[in-house]
Amino acid sequence: MSEPLAEREGPDAPQAGLAPSAFADLYTRHSRAIYYLCLRLLNDPGKAEDATHDVFLKAFCKQNQFRGESSWRTWLYRIAINHCRNLLAAWHERHMLSNADEALWENTAARTDSPLRVVEIRELGERIQQALAGLPGEYRLLLLLVADEELSYEQVGALTGQSADAVRGKLHRARKAFIVRFRQTE
Amino acid sequence: MKRQTKLTAQEQEQLDARQQQAAAAAPREFASVEEMLRHDAQCTPVPPAIARRLEKSVRDLPPPPARAWWRRFFGS
C-alpha cells in the first residue's frame, strides 16, 4: 500500500479478492461504523482501536471468503461482533441481567414518546456509554445496529440470529430500557 | 470606510464564534434513541493510528503459500 488507508475514498462494490487499494476504500467507507460499534460494545477507546485494527486485518486476510451474499458492511459487522464477543468473554466483562433489573424497566413509566434532551452535547458520549453498559448485551447490540441506517431489519436479524419481526419486537423494549437508563445518567 | 468594512468583518467573525458557542451549549433534542446514537457516531472520530497500524500490518503479512505442484498440474 503506497498511501495511508484513511486518505482514500471510493465505492462499495462487493467483489472477492480486493486489491490493497480497494481494501483501503473499504476501510475508509466502513471504519467509522466498525470503530463506533467496537467502542460502545467494549467501553474502552484503546480496546476499540485494537479491535477495529484486528477486524479489518481479519477481513483483509479472509476477503476471498466473502461471496457477496451480504454487503461488505454486514460482513465486517459480523467479524466485529464475533471479535468483540470473544474479547468480552475472555475478559469476563459480561454482565448478567437480573430479573430485578428487567422488572425495573418494565414497571418504570418511561416517556418513550418525548424527545431525549441533552444539555451538554460533549457529555453525550459518556452518558450513552453509561446507558448502554446498563443494558443486556442483546439490547445493546440491537440498538447499535439498528441505528446504522445502512442496515435493514432483515440484515440486523441476520447478524443477531433472529427474524426481522423478532428484531422489531425486541427493539421496543430495548429503546424503553435505554431511555430509562439514559435518564438515570442525568 | 475601508476601516469600517474591516471592523464589520471582525465583528462578523466574533458574532459567528458566539453563535457557534451558543449552538454548542444549547440543549439538543433527539426524537429517538437511534437518532441520538447516529449523532454520537458522527461525533466520534476514528483514531488515525488505526489506519497506520493496519497499513503496516498488511504490509508485514507473509506472502501466500505457493500452490502445490499437483494442484498446478491438475488445475485445481
# chains A, B, ... in the order shown; residues from 1 in each chain; ligands from 1
>>> residues_around(residues="A:Leu145", least_positions_apart="5", cutoff="10 Å", atoms="only C-alpha atoms", output="ChimeraX atom specification")
/A:33,37,74,77,139-140,150-153,155-157,159-160 /B:34,37
>>> interface_residues(of="chain B", to="chain A", cutoff="10 Å", atoms="only C-alpha atoms", output="ChimeraX atom specification")
/B:23-59,61,64
>>> write_last_selection(atoms="C-alpha atoms", output="mmCIF file, in the first residue's frame")
data_model
loop_
_atom_site.group_PDB
_atom_site.id
_atom_site.type_symbol
_atom_site.label_atom_id
_atom_site.label_comp_id
_atom_site.auth_asym_id
_atom_site.auth_seq_id
_atom_site.Cartn_x
_atom_site.Cartn_y
_atom_site.Cartn_z
ATOM 1 C CA ALA B 23 -25.156 26.352 19.472
ATOM 2 C CA ALA B 24 -22.681 24.036 21.201
ATOM 3 C CA ALA B 25 -24.048 24.961 24.620
ATOM 4 C CA ALA B 26 -27.718 24.853 23.622
ATOM 5 C CA PRO B 27 -29.816 21.868 24.646
ATOM 6 C CA ARG B 28 -30.150 19.326 21.895
ATOM 7 C CA GLU B 29 -33.192 17.151 21.444
ATOM 8 C CA PHE B 30 -33.335 13.784 19.760
ATOM 9 C CA ALA B 31 -36.580 12.294 18.563
ATOM 10 C CA SER B 32 -35.390 8.720 19.033
ATOM 11 C CA VAL B 33 -32.663 6.598 20.559
ATOM 12 C CA GLU B 34 -31.409 5.730 17.090
ATOM 13 C CA GLU B 35 -31.114 9.390 16.134
ATOM 14 C CA MET B 36 -29.070 10.027 19.262
ATOM 15 C CA LEU B 37 -26.764 7.091 18.564
ATOM 16 C CA ARG B 38 -26.304 8.192 14.950
ATOM 17 C CA HIS B 39 -25.361 11.672 16.114
ATOM 18 C CA ASP B 40 -22.933 10.202 18.647
ATOM 19 C CA ALA B 41 -21.361 8.010 15.970
ATOM 20 C CA GLN B 42 -20.908 11.007 13.682
ATOM 21 C CA CYS B 43 -19.240 12.939 16.514
ATOM 22 C CA THR B 44 -16.898 10.060 17.350
ATOM 23 C CA PRO B 45 -13.700 10.332 15.315
ATOM 24 C CA VAL B 46 -11.854 7.216 14.226
ATOM 25 C CA PRO B 47 -8.295 7.359 15.615
ATOM 26 C CA PRO B 48 -5.958 7.878 12.632
ATOM 27 C CA ALA B 49 -3.469 5.493 14.249
ATOM 28 C CA ILE B 50 -5.695 2.555 13.229
ATOM 29 C CA ALA B 51 -5.139 3.201 9.527
ATOM 30 C CA ARG B 52 -1.386 3.498 10.003
ATOM 31 C CA ARG B 53 -1.216 0.298 12.081
ATOM 32 C CA LEU B 54 -3.396 -1.550 9.603
ATOM 33 C CA GLU B 55 -1.288 -0.433 6.667
ATOM 34 C CA LYS B 56 1.844 -1.728 8.408
ATOM 35 C CA SER B 57 0.170 -4.989 9.411
ATOM 36 C CA VAL B 58 -0.996 -5.635 5.847
ATOM 37 C CA ARG B 59 2.476 -4.827 4.515
ATOM 38 C CA LEU B 61 1.810 -10.142 6.250
ATOM 39 C CA PRO B 64 0.540 -16.524 0.481
#
>>> atom_distance(atom1="atom CA of A:Arg181", atom2="atom CA of A:Val167")
20.3 Å
>>> closest_residue(among="A:Gln130, A:Leu142, A:Ser163, A:Arg85", to="A:Glu186", atoms="only C-alpha atoms")
A:Gln130
>>> atom_distance(atom1="atom CA of B:Ala68", atom2="atom CA of A:Lys58")
24.5 Å
>>> atom_distance(atom1="atom CA of A:Gln63", atom2="atom CA of A:Cys84")
19.4 Å
